[in-house]
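Peer 1: Sending over upload11.cif (mmCIF, C-alpha atoms).
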```cif
data_input
loop_
_atom_site.group_PDB
_atom_site.id
_atom_site.type_symbol
_atom_site.label_atom_id
_atom_site.label_comp_id
_atom_site.auth_asym_id
_atom_site.auth_seq_id
_atom_site.Cartn_x
_atom_site.Cartn_y
_atom_site.Cartn_z
ATOM 1 C CA MET A 1 55.601 82.458 -89.637
ATOM 2 C CA SER A 2 54.653 81.870 -86.039
ATOM 3 C CA GLY A 3 51.027 81.276 -85.150
ATOM 4 C CA PRO A 4 49.050 81.737 -81.915
ATOM 5 C CA ALA A 5 50.272 78.425 -80.494
ATOM 6 C CA GLU A 6 53.912 79.367 -81.093
ATOM 7 C CA ALA A 7 53.392 82.849 -79.648
ATOM 8 C CA ALA A 8 51.835 81.352 -76.539
ATOM 9 C CA ARG A 9 54.759 78.974 -76.157
ATOM 10 C CA VAL A 10 57.271 81.814 -76.430
ATOM 11 C CA ALA A 11 55.301 83.828 -73.872
ATOM 12 C CA GLY A 12 55.372 80.906 -71.475
ATOM 13 C CA GLU A 13 51.674 80.111 -71.767
ATOM 14 C CA PRO A 14 50.503 76.553 -72.515
ATOM 15 C CA ALA A 15 49.684 76.126 -76.185
ATOM 16 C CA ARG A 16 46.217 74.802 -76.932
ATOM 17 C CA ASP A 17 45.700 72.615 -79.979
ATOM 18 C CA TRP A 18 42.024 72.803 -80.917
ATOM 19 C CA HIS A 19 42.508 71.315 -84.363
ATOM 20 C CA THR A 20 43.503 67.818 -83.275
ATOM 21 C CA PRO A 21 40.419 67.003 -81.127
ATOM 22 C CA LEU A 22 38.135 68.490 -83.755
ATOM 23 C CA GLN A 23 39.764 66.396 -86.488
ATOM 24 C CA LEU A 24 39.545 63.288 -84.317
ATOM 25 C CA LEU A 25 35.839 63.940 -83.767
ATOM 26 C CA LEU A 26 35.305 64.537 -87.483
ATOM 27 C CA VAL A 27 37.094 61.354 -88.546
ATOM 28 C CA GLY A 28 35.299 59.340 -85.858
ATOM 29 C CA ALA A 29 31.955 60.746 -86.977
ATOM 30 C CA VAL A 30 32.612 59.945 -90.644
ATOM 31 C CA PHE A 31 33.769 56.396 -89.914
ATOM 32 C CA GLY A 32 30.847 55.939 -87.513
ATOM 33 C CA SER A 33 28.396 57.157 -90.142
ATOM 34 C CA SER A 34 29.504 54.267 -92.369
ATOM 35 C CA PHE A 35 27.377 51.905 -90.287
ATOM 36 C CA LEU A 36 24.374 54.205 -90.663
ATOM 37 C CA PHE A 37 24.847 54.242 -94.446
ATOM 38 C CA MET A 38 25.167 50.450 -94.539
ATOM 39 C CA ARG A 39 22.038 50.061 -92.455
ATOM 40 C CA VAL A 40 20.058 52.203 -94.923
ATOM 41 C CA ALA A 41 21.422 50.715 -98.151
ATOM 42 C CA ALA A 42 22.053 47.031 -97.357
ATOM 43 C CA PRO A 43 18.415 45.874 -96.992
ATOM 44 C CA GLU A 44 17.560 47.183 -100.476
ATOM 45 C CA MET A 45 20.804 46.556 -102.375
ATOM 46 C CA GLY A 46 22.104 43.432 -100.693
ATOM 47 C CA ALA A 47 25.632 42.921 -99.378
ATOM 48 C CA GLY A 48 27.401 42.245 -102.687
ATOM 49 C CA PRO A 49 26.082 45.191 -104.716
ATOM 50 C CA LEU A 50 26.487 47.591 -101.792
ATOM 51 C CA VAL A 51 30.109 46.600 -101.263
ATOM 52 C CA GLY A 52 30.757 46.822 -104.998
ATOM 53 C CA VAL A 53 29.507 50.418 -105.089
ATOM 54 C CA ARG A 54 31.416 51.212 -101.893
ATOM 55 C CA LEU A 55 34.728 49.879 -103.199
ATOM 56 C CA VAL A 56 34.450 51.495 -106.618
ATOM 57 C CA CYS A 57 33.662 54.911 -105.126
ATOM 58 C CA GLY A 58 36.331 54.642 -102.442
ATOM 59 C CA SER A 59 39.050 53.485 -104.826
ATOM 60 C CA LEU A 60 38.268 56.277 -107.292
ATOM 61 C CA VAL A 61 38.748 58.855 -104.526
ATOM 62 C CA LEU A 62 42.164 57.420 -103.593
ATOM 63 C CA LEU A 63 43.316 56.579 -107.128
ATOM 64 C CA PRO A 64 45.414 59.796 -107.488
ATOM 65 C CA PHE A 65 47.524 58.676 -104.503
ATOM 66 C CA VAL A 66 48.069 55.280 -106.136
ATOM 67 C CA TRP A 67 49.199 57.029 -109.328
ATOM 68 C CA GLN A 68 51.672 59.161 -107.406
ATOM 69 C CA ALA A 69 53.197 56.024 -105.854
ATOM 70 C CA ARG A 70 53.112 53.937 -109.052
ATOM 71 C CA ARG A 71 56.901 53.475 -109.118
ATOM 72 C CA GLN A 72 56.661 51.787 -105.731
ATOM 73 C CA LEU A 73 54.000 49.442 -107.082
ATOM 74 C CA PRO A 74 55.605 47.263 -109.784
ATOM 75 C CA TRP A 75 53.550 44.381 -111.091
ATOM 76 C CA GLN A 76 55.415 41.933 -108.873
ATOM 77 C CA ARG A 77 53.820 43.508 -105.800
ATOM 78 C CA TRP A 78 50.228 43.293 -106.966
ATOM 79 C CA PRO A 79 49.577 39.661 -105.906
ATOM 80 C CA VAL A 80 50.380 40.699 -102.320
ATOM 81 C CA VAL A 81 48.232 43.816 -102.760
ATOM 82 C CA ALA A 82 45.393 41.588 -103.999
ATOM 83 C CA LEU A 83 45.689 39.288 -100.978
ATOM 84 C CA ILE A 84 45.629 42.230 -98.573
ATOM 85 C CA GLY A 85 42.757 43.822 -100.486
ATOM 86 C CA ALA A 86 40.705 40.651 -100.069
ATOM 87 C CA ILE A 87 41.481 40.261 -96.354
ATOM 88 C CA ASN A 88 41.419 43.920 -95.339
ATOM 89 C CA ALA A 89 38.580 45.219 -97.521
ATOM 90 C CA ALA A 90 36.527 42.808 -99.644
ATOM 91 C CA VAL A 91 35.728 40.149 -97.027
ATOM 92 C CA PRO A 92 35.170 42.412 -93.984
ATOM 93 C CA PHE A 93 33.095 44.866 -96.008
ATOM 94 C CA LEU A 94 30.861 42.008 -97.149
ATOM 95 C CA LEU A 95 30.532 40.705 -93.598
ATOM 96 C CA PHE A 96 29.616 44.114 -92.183
ATOM 97 C CA ALA A 97 27.098 44.694 -94.990
ATOM 98 C CA TRP A 98 25.555 41.269 -94.335
ATOM 99 C CA ALA A 99 25.315 42.128 -90.627
ATOM 100 C CA ALA A 100 23.716 45.497 -91.471
ATOM 101 C CA GLN A 101 20.826 43.643 -93.119
ATOM 102 C CA ARG A 102 20.072 41.859 -89.855
ATOM 103 C CA ALA A 103 20.961 44.090 -86.902
ATOM 104 C CA PRO A 104 21.053 47.748 -85.817
ATOM 105 C CA ALA A 105 23.968 49.870 -86.967
ATOM 106 C CA ALA A 106 25.352 50.050 -83.418
ATOM 107 C CA VAL A 107 26.092 46.312 -83.477
ATOM 108 C CA GLY A 108 28.513 46.553 -86.391
ATOM 109 C CA ALA A 109 30.085 49.712 -84.976
ATOM 110 C CA ILE A 110 30.742 48.034 -81.616
ATOM 111 C CA CYS A 111 32.192 44.906 -83.245
ATOM 112 C CA ASN A 112 34.436 47.096 -85.379
ATOM 113 C CA ALA A 113 36.314 48.211 -82.229
ATOM 114 C CA MET A 114 37.537 44.626 -81.777
ATOM 115 C CA ALA A 115 39.882 45.176 -84.718
ATOM 116 C CA VAL A 116 42.362 46.891 -82.382
ATOM 117 C CA LEU A 117 42.469 43.810 -80.131
ATOM 118 C CA PHE A 118 42.635 41.363 -83.023
ATOM 119 C CA THR A 119 45.561 43.278 -84.512
ATOM 120 C CA ALA A 120 47.496 42.692 -81.282
ATOM 121 C CA LEU A 121 46.390 39.039 -81.138
ATOM 122 C CA VAL A 122 47.478 38.296 -84.724
ATOM 123 C CA ALA A 123 50.793 40.091 -84.157
ATOM 124 C CA PHE A 124 51.375 37.822 -81.147
ATOM 125 C CA ALA A 125 50.202 34.542 -82.726
ATOM 126 C CA ALA A 126 51.652 34.926 -86.220
ATOM 127 C CA PHE A 127 54.582 37.312 -85.853
ATOM 128 C CA GLY A 128 55.864 36.677 -82.343
ATOM 129 C CA GLU A 129 55.223 40.139 -80.903
ATOM 130 C CA ARG A 130 54.904 40.305 -77.125
ATOM 131 C CA ILE A 131 51.369 40.649 -75.856
ATOM 132 C CA GLY A 132 51.828 41.146 -72.090
ATOM 133 C CA LEU A 133 49.474 40.369 -69.225
ATOM 134 C CA ARG A 134 47.515 43.623 -69.474
ATOM 135 C CA ARG A 135 46.801 43.148 -73.165
ATOM 136 C CA ALA A 136 45.875 39.487 -72.649
ATOM 137 C CA LEU A 137 43.341 40.524 -70.009
ATOM 138 C CA ALA A 138 42.079 43.222 -72.367
ATOM 139 C CA LEU A 139 41.490 40.579 -75.031
ATOM 140 C CA LEU A 140 39.501 38.456 -72.585
ATOM 141 C CA ALA A 141 37.374 41.469 -71.613
ATOM 142 C CA GLY A 142 36.784 42.268 -75.284
ATOM 143 C CA PHE A 143 35.654 38.725 -76.012
ATOM 144 C CA ALA A 144 33.343 38.899 -73.001
ATOM 145 C CA GLY A 145 31.802 41.984 -74.560
ATOM 146 C CA VAL A 146 31.257 40.079 -77.812
ATOM 147 C CA VAL A 147 29.499 37.280 -75.903
ATOM 148 C CA VAL A 148 27.259 39.798 -74.131
ATOM 149 C CA LEU A 149 26.401 41.448 -77.440
ATOM 150 C CA ALA A 150 25.839 38.134 -79.250
ATOM 151 C CA THR A 151 23.275 37.020 -76.670
ATOM 152 C CA ALA A 152 21.302 40.267 -76.852
ATOM 153 C CA LYS A 153 17.982 40.802 -78.588
ATOM 154 C CA VAL A 154 16.500 43.927 -80.154
ATOM 155 C CA SER A 155 12.778 44.007 -80.931
ATOM 156 C CA GLY A 156 12.669 40.256 -80.348
ATOM 157 C CA LEU A 157 15.378 39.513 -82.931
ATOM 158 C CA ALA A 158 18.561 37.673 -81.899
ATOM 159 C CA LEU A 159 21.769 39.522 -82.726
ATOM 160 C CA GLY A 160 24.043 36.477 -82.635
ATOM 161 C CA PRO A 161 24.563 35.955 -86.408
ATOM 162 C CA ALA A 162 25.217 39.658 -87.041
ATOM 163 C CA VAL A 163 27.645 39.836 -84.096
ATOM 164 C CA LEU A 164 29.541 36.801 -85.372
ATOM 165 C CA ALA A 165 29.782 38.386 -88.823
ATOM 166 C CA GLY A 166 30.980 41.701 -87.375
ATOM 167 C CA THR A 167 33.526 39.971 -85.148
ATOM 168 C CA ALA A 168 34.823 37.949 -88.095
ATOM 169 C CA ALA A 169 35.158 41.196 -90.069
ATOM 170 C CA ALA A 170 37.141 42.759 -87.211
ATOM 171 C CA PHE A 171 39.384 39.679 -87.167
ATOM 172 C CA CYS A 172 40.017 40.148 -90.898
ATOM 173 C CA TYR A 173 41.029 43.730 -90.138
ATOM 174 C CA GLY A 174 43.442 42.398 -87.506
ATOM 175 C CA ILE A 175 45.124 40.161 -90.081
ATOM 176 C CA GLY A 176 45.044 42.833 -92.759
ATOM 177 C CA MET A 177 46.585 45.564 -90.621
ATOM 178 C CA ASN A 178 49.515 43.313 -89.756
ATOM 179 C CA LEU A 179 50.047 42.495 -93.426
ATOM 180 C CA VAL A 180 49.831 46.167 -94.416
ATOM 181 C CA LYS A 181 52.420 47.061 -91.781
ATOM 182 C CA ARG A 182 54.860 44.361 -92.895
ATOM 183 C CA ARG A 183 54.314 44.188 -96.653
ATOM 184 C CA LEU A 184 53.147 47.682 -97.646
ATOM 185 C CA GLY A 185 54.789 49.773 -94.939
ATOM 186 C CA ASP A 186 57.056 51.546 -97.433
ATOM 187 C CA LEU A 187 54.079 52.993 -99.329
ATOM 188 C CA PRO A 188 52.340 56.260 -98.467
ATOM 189 C CA PRO A 189 49.300 55.190 -96.397
ATOM 190 C CA ALA A 190 46.733 56.695 -98.786
ATOM 191 C CA ALA A 191 48.406 54.926 -101.727
ATOM 192 C CA ALA A 192 48.356 51.602 -99.866
ATOM 193 C CA ALA A 193 44.678 52.073 -99.032
ATOM 194 C CA GLY A 194 43.846 53.057 -102.614
ATOM 195 C CA ALA A 195 45.704 50.098 -104.108
ATOM 196 C CA THR A 196 44.069 47.534 -101.831
ATOM 197 C CA LEU A 197 40.617 49.053 -102.336
ATOM 198 C CA SER A 198 41.064 49.037 -106.122
ATOM 199 C CA VAL A 199 41.947 45.348 -106.178
ATOM 200 C CA ALA A 200 39.132 44.566 -103.759
ATOM 201 C CA ALA A 201 36.714 46.343 -106.103
ATOM 202 C CA VAL A 202 37.817 44.102 -108.975
ATOM 203 C CA LEU A 203 37.392 41.003 -106.805
ATOM 204 C CA VAL A 204 33.895 41.937 -105.585
ATOM 205 C CA LEU A 205 32.531 43.283 -108.881
ATOM 206 C CA PRO A 206 31.449 39.874 -110.321
ATOM 207 C CA LEU A 207 29.546 39.078 -107.113
ATOM 208 C CA ALA A 208 27.972 42.541 -107.123
ATOM 209 C CA LEU A 209 26.765 42.189 -110.713
ATOM 210 C CA ALA A 210 25.481 38.642 -110.180
ATOM 211 C CA ALA A 211 23.475 39.675 -107.116
ATOM 212 C CA TRP A 212 22.305 43.046 -108.446
ATOM 213 C CA PRO A 213 18.764 43.727 -107.148
ATOM 214 C CA VAL A 214 15.916 43.197 -109.579
ATOM 215 C CA GLN A 215 13.668 45.713 -107.836
ATOM 216 C CA PRO A 216 14.445 49.448 -108.210
ATOM 217 C CA VAL A 217 16.693 50.850 -105.505
ATOM 218 C CA SER A 218 15.478 53.982 -103.737
ATOM 219 C CA ALA A 219 17.307 57.289 -103.881
ATOM 220 C CA ALA A 220 18.024 57.049 -100.147
ATOM 221 C CA ALA A 221 19.754 53.698 -100.569
ATOM 222 C CA TRP A 222 21.778 54.924 -103.567
ATOM 223 C CA SER A 223 22.790 58.083 -101.735
ATOM 224 C CA SER A 224 23.848 56.072 -98.695
ATOM 225 C CA ALA A 225 25.893 53.650 -100.810
ATOM 226 C CA VAL A 226 27.730 56.449 -102.611
ATOM 227 C CA ALA A 227 28.301 58.363 -99.352
ATOM 228 C CA LEU A 228 29.626 55.160 -97.785
ATOM 229 C CA GLY A 229 32.169 54.818 -100.579
ATOM 230 C CA VAL A 230 33.169 58.451 -101.061
ATOM 231 C CA LEU A 231 33.158 59.582 -97.419
ATOM 232 C CA GLY A 232 33.562 56.547 -95.189
ATOM 233 C CA THR A 233 35.880 54.584 -97.459
ATOM 234 C CA GLY A 234 37.731 57.219 -99.481
ATOM 235 C CA LEU A 235 37.916 60.762 -98.167
ATOM 236 C CA ALA A 236 38.038 59.827 -94.466
ATOM 237 C CA PHE A 237 41.362 58.073 -94.946
ATOM 238 C CA ILE A 238 43.102 61.310 -95.930
ATOM 239 C CA PRO A 239 42.625 63.288 -92.669
ATOM 240 C CA TYR A 240 43.017 60.084 -90.659
ATOM 241 C CA TYR A 241 46.447 59.308 -92.097
ATOM 242 C CA ARG A 242 47.460 62.944 -91.704
ATOM 243 C CA LEU A 243 46.524 62.687 -88.048
ATOM 244 C CA ILE A 244 48.689 59.586 -87.695
ATOM 245 C CA GLN A 245 51.612 61.406 -89.285
ATOM 246 C CA ARG A 246 51.165 64.480 -87.091
ATOM 247 C CA ILE A 247 50.259 63.086 -83.659
ATOM 248 C CA GLY A 248 51.290 59.430 -83.980
ATOM 249 C CA ALA A 249 49.317 56.178 -84.200
ATOM 250 C CA PRO A 250 48.649 55.755 -80.431
ATOM 251 C CA ARG A 251 46.869 59.123 -80.132
ATOM 252 C CA ALA A 252 45.090 58.683 -83.453
ATOM 253 C CA ALA A 253 43.756 55.345 -82.154
ATOM 254 C CA VAL A 254 41.224 57.386 -80.147
ATOM 255 C CA VAL A 255 39.159 57.151 -83.351
ATOM 256 C CA ALA A 256 38.519 53.490 -82.490
ATOM 257 C CA TYR A 257 36.619 54.647 -79.384
ATOM 258 C CA LEU A 258 34.621 57.267 -81.255
ATOM 259 C CA ILE A 259 33.328 55.038 -84.081
ATOM 260 C CA PRO A 260 30.885 53.001 -81.913
ATOM 261 C CA VAL A 261 29.674 56.154 -80.175
ATOM 262 C CA PHE A 262 28.891 57.947 -83.429
ATOM 263 C CA GLY A 263 27.594 54.772 -85.065
ATOM 264 C CA ALA A 264 25.023 54.245 -82.305
ATOM 265 C CA LEU A 265 24.205 57.951 -81.943
ATOM 266 C CA LEU A 266 23.590 58.572 -85.642
ATOM 267 C CA ALA A 267 21.466 55.425 -86.005
ATOM 268 C CA TRP A 268 19.399 56.519 -83.007
ATOM 269 C CA LEU A 269 18.978 60.053 -84.345
ATOM 270 C CA PHE A 270 18.155 59.263 -87.982
ATOM 271 C CA LEU A 271 16.721 55.737 -87.874
ATOM 272 C CA GLY A 272 15.264 55.608 -84.369
ATOM 273 C CA GLU A 273 17.198 52.423 -83.584
ATOM 274 C CA PRO A 274 17.256 51.644 -79.855
ATOM 275 C CA VAL A 275 20.420 51.191 -77.798
ATOM 276 C CA THR A 276 19.675 48.556 -75.155
ATOM 277 C CA VAL A 277 21.308 48.104 -71.767
ATOM 278 C CA ARG A 278 23.010 44.922 -72.959
ATOM 279 C CA MET A 279 24.409 46.734 -75.996
ATOM 280 C CA LEU A 280 25.752 49.481 -73.724
ATOM 281 C CA LEU A 281 27.351 46.894 -71.455
ATOM 282 C CA ALA A 282 28.963 45.127 -74.398
ATOM 283 C CA GLY A 283 30.208 48.444 -75.753
ATOM 284 C CA LEU A 284 31.740 49.375 -72.404
ATOM 285 C CA LEU A 285 33.491 46.010 -72.129
ATOM 286 C CA ILE A 286 34.892 46.173 -75.653
ATOM 287 C CA LEU A 287 35.887 49.846 -75.569
ATOM 288 C CA GLY A 288 37.365 49.444 -72.087
ATOM 289 C CA SER A 289 39.426 46.507 -73.302
ATOM 290 C CA VAL A 290 40.619 48.541 -76.288
ATOM 291 C CA ALA A 291 41.607 51.384 -73.976
ATOM 292 C CA ALA A 292 43.543 48.999 -71.719
ATOM 293 C CA SER A 293 45.226 47.439 -74.737
ATOM 294 C CA GLN A 294 46.328 50.838 -76.049
ATOM 295 C CA ARG A 295 47.587 51.842 -72.609
ATOM 296 C CA ALA A 296 49.685 48.686 -72.521
ATOM 297 C CA ARG A 297 51.479 49.874 -75.647
#
```
What is this structure when it is put down as structure tokens?

Peer 2:
Amino acid sequence: MSGPAEAARVAGEPARDWHTPLQLLLVGAVFGSSFLFMRVAAPEMGAGPLVGVRLVCGSLVLLPFVWQARRQLPWQRWPVVALIGAINAAVPFLLFAWAAQRAPAAVGAICNAMAVLFTALVAFAAFGERIGLRRALALLAGFAGVVVLATAKVSGLALGPAVLAGTAAAFCYGIGMNLVKRRLGDLPPAAAAGATLSVAAVLVLPLALAAWPVQPVSAAAWSSAVALGVLGTGLAFIPYYRLIQRIGAPRAAVVAYLIPVFGALLAWLFLGEPVTVRMLLAGLLILGSVAASQRAR
């Protein structure tokens, strides 16, 4: 059955796809809200317990996709899945949660955008993919943005340690995405995400239990932790991967530009966290470098 877009095409009028930009905005907003949720929950729960709750909730959401792909996941593959789960989920989640205890949500959201550049850098250094002059310059601009952000202060507090943690987390994503592409590329994306999150949950659980807070955790922190796992770690992957399948990875990469915007905006709206001139400059440098890197592809 033909829809309005098809009818417009037949009539010679340009078809307008309103669903794609709306879905991109929705996915960007959900991923960006993850840094708001971390900022609320991390100070009360601590990094380990927060990440434990996040991984358990996220893996439970995606577990049906893992079950559907179980024949593609024999036991021989699980050591590789465990390695990728540690690099692409457990370690970066812990680093971002640690950073959220010490810096505004916008800092982690801006650092997260570096994952796109690190993915290209790791592909060049470890797998011999061409990087090109434009992408090399983009990497330099991105690192300049990190330096600008690391030397900033908010309310008299230095952001350097949190920026280093967020940048290290983005670097882990860069390694992890290359490993997912080469070692789990035959799996449905949601199944690959669910499998790696499940193993990461098992790896982080002992740390989460050992560091479980003695003081009662507020309802706001619990709600944020569960929302972080269910929405930002589980459900958001489903429309995101569908976007990749429908419009391709390069167009879906626009989400990388939206995450810092929504991360900073939501933290400003709900937590009153300031966005300084230096943070804006760092964000422009990093997002501009990501845009140049994607254009080079």

Peer 1: Using only C-alpha atoms, which protein or nucleic acid residues come within 6 Å of Ala150 (chain A)? Drop anything in the same chain fewer than 5 positions from it, and give the result as number ranges by chain.

Peer 2: A: 159-160, 163

Peer 1: In Å, how far is it from CA of Gly176 (chain A) to CA of Leu265 (chain A)?

Peer 2: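 Atom-to-atom, CA of Gly176 (chain A) to CA of Leu265 (chain A), that is 27.9 Å.
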
Peer 1: May I ask which of the residues A:Ala136, A:Ala125, A:Ile244, A:Ala210 is the closest one to Gly174 (chain A), counting only C-alpha atoms?

Peer 2: A:Ala125

Peer 1: For the atom pair CA of Leu117 (chain A) and CA of Val290 (chain A), what is the interatomic distance in Å to one decimal place?

Peer 2: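 Between these atoms lies a distance of 6.4 Å.
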
Peer 1: State, in Å with one decimal place, the distance from CA of Ala109 (chain A) to CA of Lys153 (chain A).

Peer 2: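 One can read the CA of Ala109 (chain A) to CA of Lys153 (chain A) distance as 16.3 Å.
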
Peer 1: Any idea what's packed within 10 Å of Gly48 (chain A), counting all atoms listed in the file, ignoring anything in its chain fewer than 4 positions away? Could you give it as a list of chain:residue names?

Peer 2: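 The filter keeps A:Ala42, A:Gly52, A:Val53, A:Arg54, A:Ala90, A:Phe93, A:Leu94, A:Leu95, A:Ala97, A:Trp98, A:Val204, A:Leu205, A:Pro206, A:Leu207, A:Ala208, A:Leu209, A:Ala210, A:Ala211, A:Trp212, A:Pro213.
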
Peer 1: Could you turn the residues from that selection into a file that holds C-alpha atoms, as an mmCIF file, in the coordinates of the input?

Peer 2:
```
data_model
loop_
_atom_site.group_PDB
_atom_site.id
_atom_site.type_symbol
_atom_site.label_atom_id
_atom_site.label_comp_id
_atom_site.auth_asym_id
_atom_site.auth_seq_id
_atom_site.Cartn_x
_atom_site.Cartn_y
_atom_site.Cartn_z
ATOM 1 C CA ALA A 42 22.053 47.031 -97.357
ATOM 2 C CA GLY A 52 30.757 46.822 -104.998
ATOM 3 C CA VAL A 53 29.507 50.418 -105.089
ATOM 4 C CA ARG A 54 31.416 51.212 -101.893
ATOM 5 C CA ALA A 90 36.527 42.808 -99.644
ATOM 6 C CA PHE A 93 33.095 44.866 -96.008
ATOM 7 C CA LEU A 94 30.861 42.008 -97.149
ATOM 8 C CA LEU A 95 30.532 40.705 -93.598
ATOM 9 C CA ALA A 97 27.098 44.694 -94.990
ATOM 10 C CA TRP A 98 25.555 41.269 -94.335
ATOM 11 C CA VAL A 204 33.895 41.937 -105.585
ATOM 12 C CA LEU A 205 32.531 43.283 -108.881
ATOM 13 C CA PRO A 206 31.449 39.874 -110.321
ATOM 14 C CA LEU A 207 29.546 39.078 -107.113
ATOM 15 C CA ALA A 208 27.972 42.541 -107.123
ATOM 16 C CA LEU A 209 26.765 42.189 -110.713
ATOM 17 C CA ALA A 210 25.481 38.642 -110.180
ATOM 18 C CA ALA A 211 23.475 39.675 -107.116
ATOM 19 C CA TRP A 212 22.305 43.046 -108.446
ATOM 20 C CA PRO A 213 18.764 43.727 -107.148
#
```

Peer 1: Write out as a PyMOL selection string which residues come within 12 Å of Asn178 (chain A) when counting only C-alpha atoms, dropping same-chain ones fewer than 2 positions away.

Peer 2: chain A and resi 84+87-88+115-129+171-176+180-185

Peer 1: On this structure, the PyMOL selection byres ((chain A and resi 151) around 12) would catch which residues? List them as a VMD selection string, sorted by chain and number.

Peer 2: chain A and resid 107 144 to 150 152 to 154 156 to 164 278 to 279 281 to 282

Peer 1: With all atoms listed in the file as the basis for distance, which of A:Gly288, A:Gly194, A:Gly232, A:Pro260 is at the shortest distance from Ile110 (chain A)?

Peer 2: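 Checking each of A:Gly288, A:Gly194, A:Gly232, A:Pro260 against Ile110 (chain A), counting all atoms listed in the file, the winner is A:Pro260.
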
Peer 1: Have a look at A:Val30, A:Leu203, A:Ala47, A:Met114 and name the one nearest to Tyr240 (chain A); count only C-alpha atoms.

Peer 2: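 Closest residue, counting only C-alpha atoms: A:Val30.
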
Peer 1: Determine the residue set returned by the PyMOL selection byres ((chain A and resi 166) around 6) for the present structure, and present it as an MDAnalysis selection string.

Peer 2: chainID A and resid 96 108 111 163:165 167:169

Peer 1: Mind writing the picked residues with C-alpha atoms as a short mmCIF file (atom, residue, chain, number, x, y, z; two decimals), in the frame of the given file?

Peer 2:
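The new file again_14.cif reads:
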```
data_model
loop_
_atom_site.label_atom_id
_atom_site.label_comp_id
_atom_site.auth_asym_id
_atom_site.auth_seq_id
_atom_site.Cartn_x
_atom_site.Cartn_y
_atom_site.Cartn_z
CA PHE A 96 29.62 44.11 -92.18
CA GLY A 108 28.51 46.55 -86.39
CA CYS A 111 32.19 44.91 -83.24
CA VAL A 163 27.64 39.84 -84.10
CA LEU A 164 29.54 36.80 -85.37
CA ALA A 165 29.78 38.39 -88.82
CA THR A 167 33.53 39.97 -85.15
CA ALA A 168 34.82 37.95 -88.10
CA ALA A 169 35.16 41.20 -90.07
#
```

Peer 1: If we count all atoms listed in the file, what is near Leu133 (chain A) at a cut-off of 10 Å, once residues fewer than 4 positions away on the same chain are taken out, given as a count of residues only?

Peer 2: 5

Peer 1: List the residues selected by the PyMOL selection byres ((chain A and resi 69-82) around 10) in the file shown, writing them as an NGL selection string.

Peer 2: :A and (63-68 or 83-88 or 90 or 179-180 or 183-184 or 186-188 or 190-193 or 195-200 or 202-203)

Peer 1: Quick one: what's the axis-aligned box for region 234-243 of chain A, all listed atoms, 3 Å on every side, centre and edges in Å to one decimal, as JSON?

Peer 2:
```
{"center_x": 42.6, "center_y": 60.3, "center_z": -93.8, "size_x": 15.7, "size_y": 12.1, "size_z": 17.4}
```

Peer 1: Identify which of the residues A:Leu50, A:Val27, A:Leu36, A:Met177 lies closest to Ala225 (chain A), counting all atoms listed in the file when measuring atom-to-atom distances.

Peer 2: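 Closest to Ala225 (chain A) of all the choices is A:Leu50.
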
Peer 1: Which residue is closest to Gln101 (chain A)? Choose from A:Arg39, A:Arg246, A:His19, A:Arg134 and count only C-alpha atoms.

Peer 2: A:Arg39

Peer 1: Using only C-alpha atoms, pick whichever of A:Pro104, A:Pro216, A:Pro92, A:Pro239 has the shortest atom-to-atom distance to Val51 (chain A).

Peer 2: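 With only C-alpha atoms as the atom set, the closest residue is A:Pro92.
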
Peer 1: Can you pull out the residues contacting Arg242 (chain A)? Cut-off 10 Å, using all atoms listed in the file, and skip same-chain residues under 3 positions away; I want them as a list of chain:residue names.

Peer 2: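 In the requested format, the answer is A:Gln23, A:Pro189, A:Ala190, A:Phe237, A:Ile238, A:Pro239, A:Gln245, A:Arg246, A:Ile247, A:Gly248, A:Ala252.
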
Peer 1: Pop region 233-239 of chain A out of the structure in the block and write N, CA, C and O atoms as a PDB file, in the first residue's frame.

Peer 2:
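Output contents, as saved in decode.pdb:
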```pdb
ATOM      1  N   THR A 233      20.327   2.685  28.132  1.00  0.00           N
ATOM      2  CA  THR A 233      21.205   1.558  27.839  1.00  0.00           C
ATOM      3  C   THR A 233      20.489   0.418  27.132  1.00  0.00           C
ATOM      4  O   THR A 233      21.123  -0.375  26.447  1.00  0.00           O
ATOM      5  N   GLY A 234      19.181   0.312  27.302  1.00  0.00           N
ATOM      6  CA  GLY A 234      18.437  -0.786  26.697  1.00  0.00           C
ATOM      7  C   GLY A 234      17.558  -0.362  25.546  1.00  0.00           C
ATOM      8  O   GLY A 234      17.869  -0.597  24.373  1.00  0.00           O
ATOM      9  N   LEU A 235      16.463   0.320  25.852  1.00  0.00           N
ATOM     10  CA  LEU A 235      15.468   0.634  24.832  1.00  0.00           C
ATOM     11  C   LEU A 235      16.006   1.527  23.724  1.00  0.00           C
ATOM     12  O   LEU A 235      15.598   1.395  22.565  1.00  0.00           O
ATOM     13  N   ALA A 236      16.911   2.455  24.036  1.00  0.00           N
ATOM     14  CA  ALA A 236      17.395   3.390  23.020  1.00  0.00           C
ATOM     15  C   ALA A 236      18.132   2.685  21.890  1.00  0.00           C
ATOM     16  O   ALA A 236      18.188   3.192  20.762  1.00  0.00           O
ATOM     17  N   PHE A 237      18.717   1.525  22.179  1.00  0.00           N
ATOM     18  CA  PHE A 237      19.444   0.818  21.138  1.00  0.00           C
ATOM     19  C   PHE A 237      18.516   0.335  20.023  1.00  0.00           C
ATOM     20  O   PHE A 237      18.931   0.241  18.868  1.00  0.00           O
ATOM     21  N   ILE A 238      17.282   0.031  20.352  1.00  0.00           N
ATOM     22  CA  ILE A 238      16.374  -0.551  19.357  1.00  0.00           C
ATOM     23  C   ILE A 238      16.064   0.438  18.237  1.00  0.00           C
ATOM     24  O   ILE A 238      16.309   0.141  17.058  1.00  0.00           O
ATOM     25  N   PRO A 239      15.548   1.660  18.531  1.00  0.00           N
ATOM     26  CA  PRO A 239      15.323   2.601  17.422  1.00  0.00           C
ATOM     27  C   PRO A 239      16.612   3.066  16.765  1.00  0.00           C
ATOM     28  O   PRO A 239      16.631   3.355  15.564  1.00  0.00           O
TER      29      PRO A 239
END
```
